[in-house]
file upload_35.csv (CSV, C-alpha atoms)
chain,number,residue,atom,x,y,z
A,1,MET,CA,0.0,0.0,0.0
A,2,THR,CA,1.3,3.4,-1.0
A,3,GLU,CA,2.4,5.6,1.9
A,4,LEU,CA,0.2,8.7,2.6
A,5,HIS,CA,1.9,12.0,3.4
A,6,VAL,CA,-0.2,15.1,4.2
A,7,VAL,CA,1.1,18.6,3.4
A,8,THR,CA,-0.7,21.8,4.6
A,9,GLY,CA,-0.2,24.8,2.4
A,10,ALA,CA,0.9,25.2,-1.2
A,11,GLY,CA,3.5,28.0,-0.9
A,12,PRO,CA,7.1,27.4,-2.0
A,13,THR,CA,7.8,24.8,0.7
A,14,GLY,CA,4.6,22.9,0.6
A,15,THR,CA,4.6,22.7,-3.2
A,16,THR,CA,8.2,21.5,-3.3
A,17,ILE,CA,7.6,18.9,-0.6
A,18,ALA,CA,4.5,17.6,-2.4
A,19,GLU,CA,6.3,17.4,-5.7
A,20,ARG,CA,9.3,15.6,-4.2
A,21,LEU,CA,7.2,13.0,-2.4
A,22,ALA,CA,5.1,12.4,-5.5
A,23,ALA,CA,8.2,12.0,-7.6
A,24,ALA,CA,9.4,9.3,-5.1
A,25,GLY,CA,6.1,7.4,-5.6
A,26,LYS,CA,4.5,8.6,-2.4
A,27,GLN,CA,0.8,9.4,-2.1
A,28,VAL,CA,0.3,13.0,-1.1
A,29,ARG,CA,-2.7,14.8,0.3
A,30,LEU,CA,-2.3,18.5,-0.1
A,31,LEU,CA,-4.6,20.7,2.0
A,32,THR,CA,-5.2,24.3,1.1
A,33,ARG,CA,-8.1,26.7,1.5
A,34,SER,CA,-8.8,26.8,-2.2
A,35,GLY,CA,-7.8,23.3,-3.2
A,36,SER,CA,-4.9,24.6,-5.2
A,37,GLY,CA,-1.4,23.1,-5.7
A,38,PRO,CA,0.7,21.2,-8.2
A,39,ALA,CA,-0.9,18.8,-10.6
A,40,HIS,CA,0.3,15.2,-10.3
A,41,ASN,CA,-1.5,11.8,-10.3
A,42,LEU,CA,-0.2,11.1,-6.8
A,43,ILE,CA,-1.1,14.5,-5.4
A,44,GLU,CA,-4.7,14.7,-4.1
A,45,ARG,CA,-5.7,18.3,-3.6
A,46,ARG,CA,-8.3,19.0,-1.1
A,47,ALA,CA,-10.0,22.4,-0.2
A,48,VAL,CA,-9.6,22.4,3.6
A,49,ASN,CA,-9.1,25.3,5.9
A,50,VAL,CA,-6.7,23.9,8.5
A,51,THR,CA,-7.5,26.8,10.9
A,52,LEU,CA,-10.9,25.1,11.4
A,53,PRO,CA,-10.7,21.9,13.5
A,54,GLU,CA,-14.0,20.7,12.1
A,55,GLN,CA,-12.6,20.8,8.6
A,56,LEU,CA,-9.3,19.2,9.7
A,57,SER,CA,-11.0,16.3,11.4
A,58,GLY,CA,-10.0,13.0,9.8
A,59,GLN,CA,-7.7,14.5,7.2
A,60,PHE,CA,-4.6,12.9,8.8
A,61,ASP,CA,-6.0,9.4,9.2
A,62,GLY,CA,-3.5,6.8,7.9
A,63,ALA,CA,-0.8,9.3,7.3
A,64,THR,CA,2.9,8.5,7.7
A,65,ALA,CA,3.7,12.1,8.4
A,66,ILE,CA,2.3,15.6,8.3
A,67,TYR,CA,4.3,18.6,6.9
A,68,HIS,CA,2.8,21.8,8.2
A,69,CYS,CA,3.7,24.6,5.8
A,70,ALA,CA,0.6,26.8,5.9
A,71,GLY,CA,1.1,30.3,7.1
A,72,ALA,CA,-1.0,33.2,8.3
A,73,SER,CA,-3.3,35.3,6.1
A,74,ARG,CA,-1.2,38.5,6.7
A,75,TYR,CA,2.4,39.3,7.5
A,76,ALA,CA,1.5,41.0,10.8
A,77,ALA,CA,2.2,40.2,14.4
A,78,LYS,CA,-1.5,40.6,15.4
A,79,THR,CA,-2.6,38.3,12.6
A,80,TRP,CA,0.1,35.8,13.5
A,81,GLN,CA,-1.0,35.8,17.2
A,82,ALA,CA,-4.7,35.4,16.3
A,83,GLU,CA,-4.2,32.6,13.7
A,84,LEU,CA,-1.0,30.6,14.2
A,85,PRO,CA,-1.2,29.2,17.8
A,86,PRO,CA,-4.7,27.8,17.5
A,87,THR,CA,-4.0,26.4,14.0
A,88,GLU,CA,-0.9,24.6,15.2
A,89,GLN,CA,-2.7,23.3,18.2
A,90,ALA,CA,-5.4,21.9,16.0
A,91,VAL,CA,-2.8,20.3,13.7
A,92,MET,CA,-1.0,18.7,16.6
A,93,ASP,CA,-4.2,17.5,18.2
A,94,GLU,CA,-5.4,15.9,15.0
A,95,ALA,CA,-1.9,14.3,14.3
A,96,GLY,CA,-2.0,12.9,17.8
A,97,LYS,CA,-5.3,11.1,17.0
A,98,ALA,CA,-3.7,9.7,13.8
A,99,ASP,CA,-0.6,8.7,15.7
A,100,THR,CA,1.8,10.5,13.4
A,101,VAL,CA,4.5,13.1,13.5
A,102,VAL,CA,4.3,16.7,12.5
A,103,VAL,CA,7.2,18.4,10.7
A,104,PHE,CA,7.0,22.2,10.8
A,105,ALA,CA,8.5,24.6,8.4
A,106,GLU,CA,10.1,27.2,10.6
A,107,ASN,CA,12.1,30.4,10.4
A,108,LEU,CA,14.8,32.0,12.5
A,109,TYR,CA,12.6,34.7,14.2
A,110,SER,CA,12.5,33.0,17.6
A,111,TYR,CA,16.3,33.5,18.0
A,112,GLY,CA,15.8,37.3,18.0
A,113,LYS,CA,18.7,39.7,17.3
A,114,VAL,CA,21.6,37.2,17.4
A,115,ALA,CA,25.2,38.4,17.4
A,116,GLY,CA,27.3,35.9,15.5
A,117,PRO,CA,26.3,32.7,13.7
A,118,ILE,CA,22.9,31.2,14.6
A,119,ILE,CA,23.3,27.7,15.9
A,120,GLU,CA,20.8,25.1,17.0
A,121,THR,CA,21.7,25.3,20.6
A,122,GLY,CA,21.2,29.1,20.8
A,123,PRO,CA,18.4,30.5,23.0
A,124,ARG,CA,15.1,30.9,21.2
A,125,ASN,CA,13.4,33.4,23.5
A,126,ALA,CA,12.6,36.5,21.3
A,127,ASP,CA,10.0,38.6,23.1
A,128,PHE,CA,8.9,41.3,20.6
A,129,GLY,CA,6.4,41.3,17.8
A,130,LYS,CA,6.4,38.5,15.2
A,131,PRO,CA,9.5,36.8,16.7
A,132,ALA,CA,7.6,36.4,20.0
A,133,VAL,CA,4.9,34.6,18.2
A,134,ARG,CA,7.4,32.2,16.8
A,135,THR,CA,8.9,31.6,20.3
A,136,GLN,CA,5.4,30.8,21.5
A,137,LEU,CA,4.8,28.3,18.7
A,138,VAL,CA,8.1,26.5,19.2
A,139,ARG,CA,7.4,26.2,23.0
A,140,ALA,CA,3.9,24.8,22.3
A,141,ARG,CA,5.3,22.1,20.0
A,142,THR,CA,7.8,21.1,22.7
A,143,ALA,CA,5.0,20.8,25.3
A,144,HIS,CA,2.6,18.8,23.1
A,145,ALA,CA,2.3,15.1,23.4
A,146,THR,CA,2.5,14.6,19.6
A,147,PRO,CA,6.0,14.1,18.2
A,148,THR,CA,7.1,17.2,16.2
A,149,VAL,CA,10.2,18.4,14.4
A,150,SER,CA,10.9,22.1,13.6
A,151,VAL,CA,13.1,22.7,10.6
A,152,ALA,CA,14.2,26.3,10.4
A,153,ALA,CA,15.4,28.1,7.3
A,154,SER,CA,16.9,31.5,6.5
A,155,ASP,CA,15.6,33.8,3.7
A,156,PHE,CA,14.3,31.6,0.8
A,157,LEU,CA,15.9,31.1,-2.5
A,158,GLY,CA,14.5,28.9,-5.2
A,159,PRO,CA,11.6,28.1,-7.6
A,160,TYR,CA,8.2,29.3,-6.5
A,161,VAL,CA,9.8,31.9,-4.2
A,162,ARG,CA,8.4,35.4,-4.8
A,163,ALA,CA,8.0,37.2,-1.4
A,164,SER,CA,11.6,37.1,-0.1
A,165,VAL,CA,14.8,39.1,-0.1
A,166,ALA,CA,15.9,36.7,-2.9
A,167,GLY,CA,12.5,36.7,-4.6
A,168,GLU,CA,10.7,38.7,-7.2
A,169,GLN,CA,12.3,42.0,-6.2
A,170,LEU,CA,15.7,40.7,-7.4
A,171,PHE,CA,15.0,38.2,-10.2
A,172,THR,CA,12.4,40.2,-12.2
A,173,PRO,CA,14.5,43.4,-12.6
A,174,ILE,CA,17.7,41.5,-13.3
A,175,LEU,CA,16.1,39.3,-16.0
A,176,THR,CA,14.4,42.3,-17.6
A,177,GLY,CA,17.4,44.6,-17.6
A,178,LYS,CA,16.1,47.0,-15.0
A,179,LYS,CA,17.6,48.6,-11.9
A,180,VAL,CA,17.5,46.5,-8.7
A,181,GLN,CA,16.1,48.0,-5.5
A,182,ALA,CA,17.4,45.9,-2.6
A,183,LEU,CA,16.8,46.3,1.1
A,184,GLY,CA,19.4,46.9,3.8
A,185,GLU,CA,23.1,46.5,3.6
A,186,LEU,CA,24.5,45.1,0.3
A,187,ASP,CA,27.9,44.0,1.5
A,188,VAL,CA,27.3,42.1,4.7
A,189,PRO,CA,27.2,38.2,4.8
A,190,HIS,CA,23.7,36.8,4.6
A,191,SER,CA,22.4,33.2,4.6
A,192,PHE,CA,20.0,32.1,1.9
A,193,THR,CA,18.3,28.7,2.2
A,194,TYR,CA,17.5,26.9,-1.0
A,195,VAL,CA,13.9,25.7,-0.7
A,196,PRO,CA,14.5,22.2,-2.2
A,197,ASP,CA,17.1,21.7,0.6
A,198,LEU,CA,14.5,22.7,3.2
A,199,ALA,CA,12.0,20.3,1.6
A,200,ALA,CA,14.6,17.5,1.6
A,201,ALA,CA,15.4,18.1,5.3
A,202,MET,CA,11.7,18.0,6.3
A,203,ILE,CA,11.1,14.8,4.4
A,204,ARG,CA,14.2,13.2,6.0
A,205,ALA,CA,13.2,14.4,9.5
A,206,ALA,CA,9.7,12.8,9.2
A,207,VAL,CA,11.2,9.3,8.9
A,208,GLU,CA,14.3,9.8,11.1
A,209,GLU,CA,12.8,9.2,14.6
A,210,SER,CA,16.2,10.1,16.2
A,211,VAL,CA,15.5,13.8,15.4
A,212,TRP,CA,11.9,13.9,16.5
A,213,ASN,CA,11.1,16.5,19.2
A,214,SER,CA,14.0,18.7,18.2
A,215,PHE,CA,14.7,22.0,16.5
A,216,LEU,CA,16.8,21.6,13.3
A,217,HIS,CA,18.3,24.0,10.7
A,218,ALA,CA,17.8,23.3,7.0
A,219,PRO,CA,21.0,22.6,5.2
A,220,THR,CA,22.2,26.0,4.1
A,221,ALA,CA,25.2,27.0,2.0
A,222,PRO,CA,27.8,29.4,3.4
A,223,PRO,CA,26.6,33.0,3.4
A,224,ILE,CA,27.2,35.6,0.7
A,225,THR,CA,26.3,39.2,0.4
A,226,GLN,CA,23.3,40.6,-1.4
A,227,ARG,CA,25.6,42.1,-4.0
A,228,GLN,CA,27.3,38.8,-4.7
A,229,LEU,CA,23.9,37.1,-5.1
A,230,ILE,CA,22.8,39.8,-7.5
A,231,ASP,CA,26.0,39.4,-9.6
A,232,GLY,CA,25.5,35.6,-9.5
A,233,ILE,CA,21.9,35.9,-10.7
A,234,ALA,CA,23.1,38.1,-13.6
A,235,THR,CA,25.9,35.6,-14.5
A,236,ALA,CA,23.5,32.6,-14.5
A,237,ALA,CA,21.0,34.5,-16.6
A,238,GLY,CA,23.7,35.6,-19.1
A,239,VAL,CA,22.8,39.3,-18.7
A,240,THR,CA,24.8,42.4,-17.7
A,241,ALA,CA,25.1,43.0,-14.0
A,242,PRO,CA,22.3,45.6,-13.1
A,243,LYS,CA,22.6,48.9,-11.4
A,244,VAL,CA,21.8,48.4,-7.7
A,245,SER,CA,20.5,50.7,-4.9
A,246,ALA,CA,19.5,49.8,-1.4
A,247,ALA,CA,16.8,51.3,0.7
A,248,PRO,CA,18.4,52.3,4.0
A,249,ILE,CA,16.9,50.7,7.1
A,250,THR,CA,16.3,54.2,8.6
A,251,LEU,CA,14.1,55.0,5.6
A,252,ILE,CA,12.0,51.9,6.0
A,253,ARG,CA,11.6,52.6,9.7
A,254,LEU,CA,10.5,56.2,9.0
A,255,LEU,CA,8.0,55.1,6.3
A,256,GLY,CA,6.7,52.5,8.8
A,257,LEU,CA,5.3,55.4,10.8
A,258,PHE,CA,2.7,55.8,8.0
A,259,SER,CA,2.4,52.3,6.6
A,260,ALA,CA,1.4,49.2,8.6
A,261,GLN,CA,3.0,46.9,6.0
A,262,LEU,CA,6.3,48.7,6.1
A,263,ARG,CA,6.2,48.8,9.9
A,264,GLU,CA,6.0,45.0,10.0
A,265,LEU,CA,8.9,44.8,7.6
A,266,ALA,CA,11.0,47.3,9.6
A,267,GLU,CA,10.6,45.1,12.7
A,268,MET,CA,12.7,42.5,11.0
A,269,SER,CA,15.2,44.9,9.4
A,270,TYR,CA,18.0,43.8,11.7
A,271,GLN,CA,18.2,40.7,9.5
A,272,VAL,CA,19.5,42.7,6.5
A,273,ALA,CA,21.2,45.5,8.4
A,274,ARG,CA,24.1,43.4,9.7
A,275,PRO,CA,25.6,39.9,9.2
A,276,PHE,CA,22.8,37.3,9.4
A,277,VAL,CA,24.4,33.8,9.2
A,278,LEU,CA,22.8,30.5,9.7
A,279,ASP,CA,25.0,27.6,10.8
A,280,SER,CA,23.4,24.2,9.9
A,281,THR,CA,26.5,22.0,10.5
A,282,ASP,CA,25.0,20.0,13.4
A,283,SER,CA,21.6,19.4,11.6
A,284,GLN,CA,23.4,18.4,8.4
A,285,GLN,CA,25.2,15.7,10.3
A,286,ARG,CA,22.1,14.5,12.1
A,287,LEU,CA,20.1,14.3,8.9
A,288,GLY,CA,22.9,13.1,6.6
A,289,LEU,CA,22.3,15.9,4.1
A,290,HIS,CA,24.3,18.8,2.6
A,291,PRO,CA,23.2,22.1,1.0
A,292,THR,CA,23.1,22.6,-2.7
A,293,PRO,CA,26.0,24.7,-3.9
A,294,LEU,CA,24.7,28.3,-4.3
A,295,ASP,CA,25.8,28.6,-8.0
A,296,GLU,CA,23.7,25.5,-8.8
A,297,ALA,CA,20.8,26.8,-6.7
A,298,VAL,CA,20.9,30.2,-8.4
A,299,ALA,CA,21.1,28.7,-11.9
A,300,THR,CA,18.0,26.5,-11.2
A,301,THR,CA,16.1,29.4,-9.8
A,302,VAL,CA,17.0,31.6,-12.8
A,303,ALA,CA,15.7,28.9,-15.2
A,304,TRP,CA,12.4,28.8,-13.3
A,305,TRP,CA,12.0,32.5,-13.3
A,306,LYS,CA,12.5,32.5,-17.1
A,307,THR,CA,9.4,30.4,-17.4
A,308,GLN,CA,7.5,32.9,-15.3
A,309,LEU,CA,8.5,36.0,-17.3
call {"tool": "encode", "arguments": {"input": "upload_35.csv", "output": "structure tokens"}}
result
Amino acid sequence: MTELHVVTGAGPTGTTIAERLAAAGKQVRLLTRSGSGPAHNLIERRAVNVTLPEQLSGQFDGATAIYHCAGASRYAAKTWQAELPPTEQAVMDEAGKADTVVVFAENLYSYGKVAGPIIETGPRNADFGKPAVRTQLVRARTAHATPTVSVAASDFLGPYVRASVAGEQLFTPILTGKKVQALGELDVPHSFTYVPDLAAAMIRAAVEESVWNSFLHAPTAPPITQRQLIDGIATAAGVTAPKVSAAPITLIRLLGLFSAQLRELAEMSYQVARPFVLDSTDSQQRLGLHPTPLDEAVATTVAWWKTQL
């Protein structure tokens, strides 16, 4: 009988996990509010609002693992606080009934404003805004009886990634010969996690019981600067390196006084204002995985973006 794997959310991570599992011959049930997602004969797309326990009931029955990749409806601390804790509680409760593990796609927010490389044993006790919500979520997973694994990634790079430091705001102007407007400091080291590497780590974590009930880092290549990434994208695309300007963090904070969206962005500006380095050495050893070289990751992402433009 084909294994059943359940994925919530069809963003970059959920889509990539579903596609990888299906390519490996696994049966996938993909839950999204609209019933959307990649088309494949092994991917069953269901319209399910995972924030509603009554809709989630029975969806995990018979599943080998759950991959929770669904996010909040808005990038805002109040929305996260209102939506994410009860949703994750419902997911873990339902997974417990189905006697299966939940693997969570996580970010680095709960570490707060770290000085130096971010390692798995560092304290995760951020107490402001959106990072505080992530801290709450991680603690709730630890306290729950259902086995869980959190796999944290830095800023996304890869196919399907649009809303990211390395998303549409870089690839579209570079591939269309326009000026690039970046955010923060261009010449400080920054870690970018290739989404297929995050997906591979989550899939491996689901079957590796030795890492259950732990917090892992997705395999992530050594950091580069935003300027180096921009030059690498141009090289992979075979185009002239673009003109680049960067919006100062002070400007984003000032504009945040008048824009709620920019205010939420400014709260996380420390991630692009100084070195932001993810160390995944320990997790790589525990999972037996290694990150994709950045030049290969960039080339694959450029090829995907060319299909979108």
call {"tool": "residues_around", "arguments": {"input": "upload_35.csv", "residues": "A:Leu216", "least_positions_apart": "5", "cutoff": "7 Å", "atoms": "only C-alpha atoms", "output": "ChimeraX atom specification"}}
result
/A:120,150-152,283
call {"tool": "atom_distance", "arguments": {"input": "upload_35.csv", "atom1": "atom CA of A:Pro222", "atom2": "atom CA of A:Gly122"}}
result
18.6 Å
call {"tool": "residues_around", "arguments": {"input": "upload_35.csv", "residues": "A:Pro123", "least_positions_apart": "5", "cutoff": "9 Å", "atoms": "all atoms listed in the file", "output": "MDAnalysis selection string"}}
result
chainID A and resid 110:112
call {"tool": "residues_near_point", "arguments": {"input": "upload_35.csv", "point": "(-0.8, 30.0, 6.9)", "cutoff": "10 Å", "atoms": "only C-alpha atoms", "output": "PyMOL selection string"}}
result
chain A and resi 8-11+32-33+49-51+68-75+80+83-84+87-88
call {"tool": "atom_distance", "arguments": {"input": "upload_35.csv", "atom1": "atom CA of A:Pro275", "atom2": "atom CA of A:Ile224"}}
result
9.7 Å
call {"tool": "closest_residue", "arguments": {"input": "upload_35.csv", "among": "A:Gln181, A:Thr64, A:Thr301, A:Ser34", "to": "A:Arg46", "atoms": "all atoms listed in the file"}}
result
A:Ser34
call {"tool": "atom_distance", "arguments": {"input": "upload_35.csv", "atom1": "atom CA of A:Thr307", "atom2": "atom CA of A:Phe171"}}
result
12.0 Å
call {"tool": "residues_around", "arguments": {"input": "upload_35.csv", "residues": "stretch 225-240 of chain A", "least_positions_apart": "5", "cutoff": "12 Å", "atoms": "only C-alpha atoms", "output": "PyMOL selection string"}}
result
chain A and resi 155+157-158+165-167+169-192+245-246+272-277+294-306
call {"tool": "residues_around", "arguments": {"input": "upload_35.csv", "residues": "A:Glu19", "least_positions_apart": "4", "cutoff": "9 Å", "atoms": "all atoms listed in the file", "output": "list in words"}}
result
Gly14, Thr15, Ala23, Ala24, Val28, Pro38, Ala39, His40 and Ile43 of chain A
call {"tool": "residues_around", "arguments": {"input": "upload_35.csv", "residues": "A:Gly25", "least_positions_apart": "2", "cutoff": "9 Å", "atoms": "all atoms listed in the file", "output": "list in words"}}
result
Thr2, Glu3, Arg20, Leu21, Ala22, Ala23, Gln27 and Leu42 of chain A
call {"tool": "closest_residue", "arguments": {"input": "upload_35.csv", "among": "A:Ala98, A:Ile249, A:Ala143, A:Ala77", "to": "A:Phe128", "atoms": "only C-alpha atoms"}}
result
A:Ala77
call {"tool": "closest_residue", "arguments": {"input": "upload_35.csv", "among": "A:Pro223, A:Gly35, A:Phe104, A:His290", "to": "A:Thr142", "atoms": "only C-alpha atoms"}}
result
A:Phe104
call {"tool": "closest_residue", "arguments": {"input": "upload_35.csv", "among": "A:Leu289, A:Leu265, A:Ile252, A:Ile118", "to": "A:Ser164", "atoms": "only C-alpha atoms"}}
result
A:Leu265
call {"tool": "closest_residue", "arguments": {"input": "upload_35.csv", "among": "A:Pro12, A:Gly96, A:Ala76, A:Gln285", "to": "A:Phe156", "atoms": "only C-alpha atoms"}}
result
A:Pro12
call {"tool": "closest_residue", "arguments": {"input": "upload_35.csv", "among": "A:Ala153, A:Ala241, A:Leu255, A:Leu287", "to": "A:Ser210", "atoms": "all atoms listed in the file"}}
result
A:Leu287
